[in-house]
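Participant: Here you go, coords-v7.cif (mmCIF, C-alpha atoms):
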data_target
#
loop_
_atom_site.label_atom_id
_atom_site.label_comp_id
_atom_site.auth_asym_id
_atom_site.auth_seq_id
_atom_site.Cartn_x
_atom_site.Cartn_y
_atom_site.Cartn_z
CA MET R 1 -25.19 -82.28 -33.49
CA ALA R 2 -22.87 -79.56 -32.26
CA THR R 3 -23.83 -77.79 -29.07
CA LEU R 4 -23.01 -74.46 -27.52
CA SER R 5 -20.56 -75.10 -24.69
CA ASN R 6 -20.98 -73.53 -21.27
CA ARG R 7 -17.87 -71.40 -21.82
CA VAL R 8 -20.09 -68.47 -22.82
CA LEU R 9 -19.66 -65.84 -20.11
CA SER R 10 -21.99 -62.87 -19.91
CA PHE R 11 -21.86 -59.62 -18.03
CA PRO R 12 -24.35 -57.75 -15.82
CA PRO R 13 -27.31 -56.33 -17.75
CA ALA R 14 -26.44 -53.24 -19.76
CA PRO R 15 -27.54 -51.71 -23.05
CA GLU R 16 -26.14 -53.55 -26.07
CA ASN R 17 -24.74 -56.19 -23.71
CA GLU R 18 -23.33 -59.31 -25.37
CA PRO R 19 -21.40 -62.35 -24.13
CA ILE R 20 -17.71 -62.73 -24.78
CA ILE R 21 -17.31 -65.96 -26.71
CA GLY R 22 -14.02 -67.71 -26.02
CA ALA R 23 -13.40 -66.39 -22.51
CA GLY R 24 -12.45 -69.95 -21.58
CA GLY R 25 -10.54 -70.57 -24.81
CA GLY R 26 -8.70 -68.24 -27.18
CA LEU R 27 -9.66 -65.14 -25.19
CA ARG R 28 -8.80 -66.50 -21.75
CA ARG R 29 -5.95 -64.00 -21.28
CA VAL R 30 -8.15 -61.14 -22.47
CA TRP R 31 -10.87 -62.15 -20.03
CA ASP R 32 -8.33 -62.34 -17.19
CA ALA R 33 -7.07 -58.86 -18.14
CA ILE R 34 -10.63 -57.47 -18.11
CA ARG R 35 -11.24 -58.82 -14.61
CA LEU R 36 -7.97 -57.31 -13.38
CA VAL R 37 -8.35 -53.81 -14.80
CA ALA R 38 -12.14 -53.27 -14.68
CA PRO R 39 -12.40 -52.46 -10.94
CA THR R 40 -9.72 -49.76 -11.29
CA ASP R 41 -9.94 -46.36 -12.96
CA ALA R 42 -6.86 -46.96 -15.13
CA ALA R 43 -6.90 -45.94 -18.78
CA VAL R 44 -7.02 -48.96 -21.11
CA LEU R 45 -5.75 -49.23 -24.68
CA ILE R 46 -7.32 -52.09 -26.65
CA GLN R 47 -5.37 -53.09 -29.76
CA GLY R 48 -6.32 -55.56 -32.44
CA GLU R 49 -7.26 -56.01 -36.07
CA THR R 50 -10.53 -54.71 -37.46
CA GLY R 51 -13.46 -56.90 -36.44
CA THR R 52 -11.86 -58.60 -33.42
CA GLY R 53 -14.37 -57.23 -30.89
CA LYS R 54 -12.61 -54.21 -29.37
CA GLU R 55 -15.86 -52.42 -28.55
CA LEU R 56 -17.22 -55.55 -26.86
CA VAL R 57 -14.16 -55.61 -24.58
CA ALA R 58 -14.52 -51.89 -23.83
CA ARG R 59 -18.14 -52.37 -22.78
CA ALA R 60 -17.16 -55.38 -20.68
CA ILE R 61 -14.62 -53.25 -18.81
CA HIS R 62 -17.32 -50.66 -18.10
CA ASN R 63 -19.87 -53.28 -17.04
CA GLN R 64 -17.42 -54.88 -14.61
CA SER R 65 -16.38 -51.55 -13.09
CA GLU R 66 -17.89 -49.52 -10.26
CA ARG R 67 -19.07 -47.08 -12.93
CA HIS R 68 -21.46 -49.60 -14.52
CA HIS R 69 -24.55 -47.67 -13.31
CA CYS R 70 -23.22 -44.46 -14.91
CA PRO R 71 -23.04 -43.46 -18.59
CA TYR R 72 -21.09 -45.44 -21.16
CA VAL R 73 -20.43 -43.06 -24.07
CA LYS R 74 -18.65 -44.00 -27.28
CA VAL R 75 -17.19 -41.94 -30.08
CA ASN R 76 -15.55 -43.11 -33.30
CA CYS R 77 -12.65 -40.76 -33.96
CA ALA R 78 -12.44 -41.87 -37.60
CA ALA R 79 -16.13 -41.35 -38.37
CA ILE R 80 -16.33 -37.67 -37.43
CA PRO R 81 -14.71 -34.98 -39.63
CA ALA R 82 -11.59 -33.51 -38.01
CA GLY R 83 -13.15 -30.04 -37.93
CA LEU R 84 -16.11 -31.26 -35.88
CA LEU R 85 -14.36 -33.72 -33.58
CA GLU R 86 -13.29 -31.13 -31.01
CA SER R 87 -16.88 -29.97 -30.63
CA GLU R 88 -18.07 -33.59 -30.37
CA LEU R 89 -15.61 -34.34 -27.59
CA PHE R 90 -15.72 -31.10 -25.60
CA GLY R 91 -18.92 -29.31 -26.67
CA HIS R 92 -19.38 -25.73 -27.79
CA GLU R 93 -21.08 -22.48 -26.86
CA ARG R 94 -23.72 -20.78 -28.93
CA GLY R 95 -22.04 -18.75 -31.67
CA ALA R 96 -18.68 -20.52 -31.28
CA PHE R 97 -18.68 -21.19 -35.02
CA THR R 98 -21.00 -20.92 -38.00
CA GLY R 99 -24.00 -23.13 -37.35
CA ALA R 100 -23.56 -23.26 -33.56
CA VAL R 101 -27.06 -22.06 -32.74
CA GLU R 102 -27.16 -23.40 -29.17
CA GLN R 103 -24.92 -24.55 -26.37
CA THR R 104 -24.00 -28.24 -26.72
CA MET R 105 -22.41 -30.64 -24.27
CA GLY R 106 -19.56 -32.79 -25.55
CA ARG R 107 -19.02 -36.50 -25.04
CA PHE R 108 -16.67 -35.97 -22.10
CA GLN R 109 -19.34 -34.08 -20.17
CA LEU R 110 -21.99 -36.64 -21.13
CA ALA R 111 -19.72 -39.41 -19.78
CA ASP R 112 -19.14 -37.70 -16.42
CA ARG R 113 -18.76 -40.33 -13.64
CA GLY R 114 -18.88 -43.02 -16.33
CA THR R 115 -16.72 -44.35 -19.17
CA LEU R 116 -15.80 -42.77 -22.51
CA PHE R 117 -14.83 -45.21 -25.26
CA LEU R 118 -12.59 -43.62 -27.90
CA ASP R 119 -12.69 -45.98 -30.87
CA GLU R 120 -10.11 -45.60 -33.68
CA VAL R 121 -8.08 -43.27 -31.46
CA GLY R 122 -5.17 -43.51 -33.91
CA ASP R 123 -7.19 -41.29 -36.29
CA LEU R 124 -7.30 -38.44 -33.77
CA PRO R 125 -5.91 -35.27 -35.44
CA LEU R 126 -2.51 -34.16 -34.13
CA GLU R 127 -3.78 -30.68 -33.30
CA LEU R 128 -6.46 -32.14 -31.00
CA GLN R 129 -4.18 -34.54 -29.12
CA PRO R 130 -2.80 -31.98 -26.58
CA LYS R 131 -6.34 -31.13 -25.46
CA LEU R 132 -7.17 -34.81 -25.01
CA LEU R 133 -3.96 -35.28 -23.04
CA ARG R 134 -4.96 -32.45 -20.74
CA VAL R 135 -8.37 -34.00 -20.02
CA LEU R 136 -6.75 -37.35 -19.26
CA GLN R 137 -4.26 -35.77 -16.87
CA GLU R 138 -6.28 -32.97 -15.29
CA GLN R 139 -9.90 -34.11 -15.89
CA GLU R 140 -10.81 -30.62 -17.06
CA PHE R 141 -11.45 -28.78 -20.32
CA GLU R 142 -13.21 -25.78 -21.88
CA ARG R 143 -15.98 -25.86 -24.45
CA LEU R 144 -15.32 -24.27 -27.82
CA GLY R 145 -16.04 -20.56 -27.50
CA SER R 146 -15.89 -20.55 -23.70
CA ALA R 147 -13.24 -19.63 -21.12
CA ARG R 148 -15.04 -21.48 -18.29
CA THR R 149 -13.25 -24.63 -17.14
CA ILE R 150 -15.42 -27.71 -16.74
CA ARG R 151 -14.26 -30.51 -14.44
CA VAL R 152 -15.30 -34.12 -15.06
CA ASN R 153 -14.65 -37.57 -13.66
CA VAL R 154 -14.33 -39.81 -16.72
CA ARG R 155 -12.57 -43.10 -17.30
CA VAL R 156 -11.18 -43.41 -20.83
CA VAL R 157 -10.93 -46.68 -22.73
CA ALA R 158 -9.39 -46.33 -26.19
CA ALA R 159 -9.08 -48.75 -29.10
CA THR R 160 -7.19 -48.88 -32.38
CA ASN R 161 -6.23 -51.25 -35.18
CA LEU R 162 -3.15 -49.14 -35.96
CA ASP R 163 0.40 -49.50 -34.64
CA LEU R 164 0.53 -46.46 -32.37
CA MET R 165 4.20 -46.98 -31.50
CA GLU R 166 5.05 -46.82 -35.20
CA MET R 167 2.93 -43.68 -35.49
CA VAL R 168 4.83 -42.16 -32.56
CA ARG R 169 8.11 -42.89 -34.36
CA GLU R 170 6.73 -41.26 -37.50
CA ARG R 171 5.52 -38.24 -35.44
CA LEU R 172 1.91 -38.91 -36.37
CA PHE R 173 0.88 -39.50 -32.77
CA ARG R 174 2.13 -37.77 -29.61
CA ALA R 175 4.34 -39.96 -27.42
CA ASP R 176 3.01 -38.44 -24.18
CA LEU R 177 -0.59 -39.15 -25.20
CA PHE R 178 0.30 -42.72 -26.21
CA TYR R 179 1.85 -43.46 -22.83
CA ARG R 180 -1.11 -41.85 -21.03
CA LEU R 181 -3.57 -44.05 -22.94
CA ASN R 182 -1.39 -47.16 -22.70
CA VAL R 183 -1.53 -47.52 -18.92
CA PHE R 184 -3.06 -50.99 -19.28
CA PRO R 185 -2.80 -52.45 -22.81
CA ILE R 186 -5.02 -55.31 -23.96
CA SER R 187 -4.20 -57.06 -27.23
CA LEU R 188 -6.97 -58.98 -29.01
CA PRO R 189 -5.83 -61.97 -31.07
CA PRO R 190 -7.21 -62.30 -34.61
CA LEU R 191 -9.76 -65.02 -35.24
CA ARG R 192 -7.26 -67.09 -37.24
CA GLU R 193 -5.28 -67.56 -34.02
CA ARG R 194 -8.27 -68.81 -32.01
CA SER R 195 -9.89 -71.36 -34.30
CA GLU R 196 -10.93 -73.40 -31.26
CA ASP R 197 -13.56 -70.74 -30.55
CA ILE R 198 -15.14 -70.85 -34.01
CA PRO R 199 -17.71 -73.64 -33.32
CA GLU R 200 -18.99 -71.70 -30.32
CA LEU R 201 -19.09 -68.44 -32.26
CA VAL R 202 -20.92 -70.10 -35.18
CA TRP R 203 -23.63 -71.48 -32.91
CA HIS R 204 -23.90 -68.16 -31.13
CA PHE R 205 -24.62 -66.34 -34.40
CA VAL R 206 -26.94 -69.10 -35.64
CA ARG R 207 -29.06 -68.86 -32.49
CA ARG R 208 -28.99 -65.07 -32.63
CA PHE R 209 -30.06 -64.61 -36.26
CA ALA R 210 -32.06 -67.75 -37.16
CA PRO R 211 -35.31 -66.62 -35.46
CA ARG R 212 -35.16 -63.25 -37.27
CA MET R 213 -34.89 -65.06 -40.61
CA ASN R 214 -37.52 -67.66 -39.81
CA ARG R 215 -34.95 -70.46 -39.98
CA LYS R 216 -34.58 -73.51 -37.74
CA ILE R 217 -31.03 -74.87 -37.82
CA ASP R 218 -30.16 -77.85 -35.64
CA THR R 219 -27.09 -79.30 -37.37
CA ILE R 220 -23.87 -78.07 -38.89
CA PRO R 221 -22.13 -80.66 -41.10
CA GLU R 222 -18.69 -81.67 -39.87
CA GLU R 223 -17.02 -80.72 -43.16
CA VAL R 224 -18.59 -77.26 -42.97
CA MET R 225 -17.28 -76.62 -39.46
CA GLU R 226 -13.87 -77.92 -40.50
CA ARG R 227 -13.68 -75.47 -43.41
CA LEU R 228 -14.83 -72.63 -41.18
CA GLN R 229 -12.04 -73.41 -38.74
CA ARG R 230 -9.42 -73.51 -41.50
CA HIS R 231 -10.38 -70.19 -43.06
CA ASP R 232 -8.10 -67.20 -42.33
CA TRP R 233 -10.93 -64.72 -41.56
CA PRO R 234 -9.19 -61.48 -42.62
CA GLY R 235 -12.32 -59.64 -41.45
CA ASN R 236 -12.27 -61.56 -38.16
CA ILE R 237 -15.48 -61.97 -36.14
CA ARG R 238 -17.36 -59.40 -38.21
CA GLU R 239 -16.66 -61.43 -41.35
CA LEU R 240 -17.77 -64.64 -39.63
CA GLN R 241 -21.00 -63.03 -38.47
CA ASN R 242 -21.79 -61.78 -41.97
CA LEU R 243 -21.06 -65.22 -43.44
CA ILE R 244 -23.41 -66.92 -40.96
CA GLU R 245 -26.17 -64.44 -41.83
CA ARG R 246 -25.72 -65.27 -45.53
CA ALA R 247 -25.62 -68.97 -44.70
CA LEU R 248 -28.97 -68.73 -42.89
CA ILE R 249 -30.52 -67.07 -45.92
CA LEU R 250 -29.20 -69.85 -48.18
CA SER R 251 -30.16 -72.72 -45.85
CA ASP R 252 -33.70 -73.99 -46.52
CA GLY R 253 -33.39 -77.05 -44.29
CA PRO R 254 -32.23 -77.98 -40.78
CA ALA R 255 -28.52 -78.02 -41.76
CA LEU R 256 -26.44 -74.85 -42.07
CA ARG R 257 -25.19 -74.41 -45.66
CA PRO R 258 -22.74 -71.50 -45.98
CA PRO R 259 -21.36 -70.38 -49.37
CA MET R 260 -18.34 -72.70 -49.39
CA TYR R 261 -16.75 -71.00 -52.40
CA GLU R 262 -15.90 -68.06 -50.13
CA LEU R 263 -13.66 -70.35 -48.10
CA ASN R 264 -11.68 -71.83 -50.99
CA ALA R 265 -8.38 -70.05 -50.31
CA SER R 266 -7.92 -71.09 -46.69
CA PRO R 267 -7.03 -74.80 -47.08
CA LEU R 268 -3.88 -73.76 -48.97
CA ARG R 269 -2.51 -71.92 -45.92
CA PRO R 270 0.72 -73.55 -44.72
CA LYS R 271 0.62 -74.78 -41.15
CA PRO R 272 3.25 -73.27 -38.84
CA THR R 273 6.13 -75.56 -37.99
CA ALA R 274 8.79 -75.41 -35.31
CA GLU R 275 11.48 -74.96 -37.96
CA ARG R 276 10.03 -71.75 -39.39
CA THR R 277 11.59 -68.55 -38.08
CA LEU R 278 9.45 -65.64 -36.97
CA ALA R 279 10.55 -63.64 -40.03
CA GLU R 280 9.56 -66.52 -42.33
CA ALA R 281 6.16 -66.82 -40.69
CA GLU R 282 5.62 -63.06 -40.98
CA ARG R 283 6.71 -63.07 -44.63
CA ASP R 284 4.37 -65.96 -45.51
CA HIS R 285 1.47 -64.26 -43.74
CA ILE R 286 2.00 -60.92 -45.49
CA ILE R 287 2.22 -62.66 -48.87
CA GLU R 288 -1.01 -64.54 -48.16
CA VAL R 289 -2.85 -61.37 -47.18
CA LEU R 290 -1.54 -59.64 -50.32
CA GLN R 291 -2.90 -62.54 -52.38
CA ASN R 292 -6.30 -62.29 -50.68
CA SER R 293 -6.40 -58.53 -51.34
CA ARG R 294 -5.19 -59.09 -54.94
CA GLY R 295 -2.11 -56.99 -54.30
CA VAL R 296 -3.99 -53.90 -53.11
CA ILE R 297 -2.21 -52.33 -50.13
CA SER R 298 -4.24 -49.19 -49.35
CA GLY R 299 -7.94 -48.72 -48.75
CA HIS R 300 -10.59 -50.25 -46.51
CA ASN R 301 -10.09 -53.79 -47.89
CA GLY R 302 -6.39 -53.44 -48.69
CA ALA R 303 -3.65 -55.58 -47.18
CA ALA R 304 -2.58 -52.87 -44.71
CA ALA R 305 -6.09 -52.63 -43.21
CA ARG R 306 -6.40 -56.41 -43.04
CA LEU R 307 -3.09 -56.63 -41.22
CA GLY R 308 -4.01 -53.80 -38.85
CA MET R 309 -1.10 -51.53 -39.79
CA LYS R 310 -0.41 -48.33 -41.70
CA ARG R 311 0.32 -48.49 -45.42
CA THR R 312 3.81 -47.08 -44.89
CA THR R 313 4.51 -49.62 -42.14
CA LEU R 314 3.47 -52.50 -44.39
CA GLN R 315 5.61 -51.22 -47.27
CA SER R 316 8.57 -50.95 -44.90
CA ARG R 317 8.05 -54.53 -43.70
CA MET R 318 7.76 -55.76 -47.29
CA ARG R 319 11.07 -54.13 -48.21
CA LYS R 320 12.75 -55.63 -45.15
CA LEU R 321 11.37 -59.12 -45.89
CA GLY R 322 12.12 -58.91 -49.62
CA ILE R 323 8.49 -59.07 -50.78
CA GLU R 324 7.75 -57.62 -54.23
CA ARG R 325 4.11 -57.08 -55.12
CA LYS R 326 4.71 -57.86 -58.77
CA ARG R 327 6.03 -61.30 -57.79
CA VAL R 328 3.09 -62.19 -55.57
CA ARG R 329 1.05 -65.08 -56.94
CA ALA R 330 -2.69 -65.35 -56.59
CA ARG R 331 -4.25 -68.25 -58.47
CA GLY R 332 -1.26 -68.18 -60.83
CA ILE R 333 0.99 -65.27 -61.75
CA LEU R 334 -0.71 -61.97 -61.14
CA SER R 335 0.84 -58.72 -62.36
CA LEU R 336 0.17 -56.11 -59.69
CA PRO R 337 0.37 -52.36 -60.20
CA GLU R 338 3.17 -50.51 -58.44
#
Render the structure in this file as structure tokens.

Facilitator:
Amino acid sequence: MATLSNRVLSFPPAPENEPIIGAGGGLRRVWDAIRLVAPTDAAVLIQGETGTGKELVARAIHNQSERHHCPYVKVNCAAIPAGLLESELFGHERGAFTGAVEQTMGRFQLADRGTLFLDEVGDLPLELQPKLLRVLQEQEFERLGSARTIRVNVRVVAATNLDLMEMVRERLFRADLFYRLNVFPISLPPLRERSEDIPELVWHFVRRFAPRMNRKIDTIPEEVMERLQRHDWPGNIRELQNLIERALILSDGPALRPPMYELNASPLRPKPTAERTLAEAERDHIIEVLQNSRGVISGHNGAAARLGMKRTTLQSRMRKLGIERKRVRARGILSLPE
């Protein structure tokens, strides 16, 4: 029977607190970086594919800092309409715009003396970026509809699954704001690069969700764990968590029985060899992701999102590596729309 190793490290009690699985394995460098930067007030930029646990790392930085008794406020820059985001961040006065019936504090003021987590910061509108830069540099701002300057003491931790340097080159993101956010970068590896952590993650999710579903799981067949470790996990930890929840629903005995048909593509993945060049490895990986997304590049489940890059960046890489969508094979020859 597999067991949960004692590599699970947890943080001081805090709302929505969770352990970081793999702090002694595939996330050792990330854990070391958290311990280095948390006691400081430096801005942190967390980069990684969707579902790799960027918010968990941001909360860990807050919990390990001297601000851990103060507010931890988060805002998803992609989830709020561009026209409302300025008000969300900085607040507004009554009558500042249609529908502003009362004075409202923004997230920066709510996070005073604490930490503000800006998730999906790459989606921040260009016109709002100078105001964010000013807050980062001067720790002051004005509410919408007000001339009164408000001073705050806020630490900013930002996260993105986009290539901000590429966006800077394409003039979609301000260079000065990028360098102000990127004081201490932390890069999260995708789950496919830390397969040694998968057994621990699987047991973590089993023990978390089994009681809620009235299931008692005490074994995971060896062949099941092997297949889980060989899968590419384009959705990373979020995909693994969802799969374990489905597996618990399907398992009516003491052994975990995930839907194995969802893992069929992964055993065909070529193993890296010393002879392969970096360009060859990148080309093979892009082709594989294109196959898994059935040639779709854009959209939430498209190849660009799975690779954590912009559509235009992916298309540029494909041209450079000589990849043609119409030649990509997925379970045979698949004609893909241009």

Participant: Written as number ranges by chain, what is the full residue list that the PyMOL selection byres ((chain R and resi 43-57) around 6) yields on the file shown?

Facilitator: R: 42, 58-60, 156-161, 181-188, 235-238, 308

Participant: Return the single residue from R:Leu124, R:Pro259, R:Arg192, R:Ala33 that is closest to Val224 in chain R, with distances computed using only C-alpha atoms.

Facilitator: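 Closest residue, counting only C-alpha atoms: R:Pro259.
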
Participant: What does the distance from CA of Glu88 in chain R to CA of Met167 in chain R come to in Å, to one decimal?

Facilitator: 23.9 Å

Participant: At a cut-off of 8 Å, using all atoms listed in the file, what residues contact Pro254 in chain R? Leave out same-chain residues fewer than 4 positions from it and give the result as a PyMOL selection string.

Facilitator: chain R and resi 216-219

Participant: Env of range 68-75 of chain R: 6 Å cut, atoms = only C-alpha atoms, seq-sep filter 5 positions within chain, self excluded. Answer as a list in words.

Facilitator: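 Residues near the query, excluding close chain neighbours: His62, Asn63, Ala111, Gly114, Thr115, Leu116, Phe117 and Leu118 of chain R.
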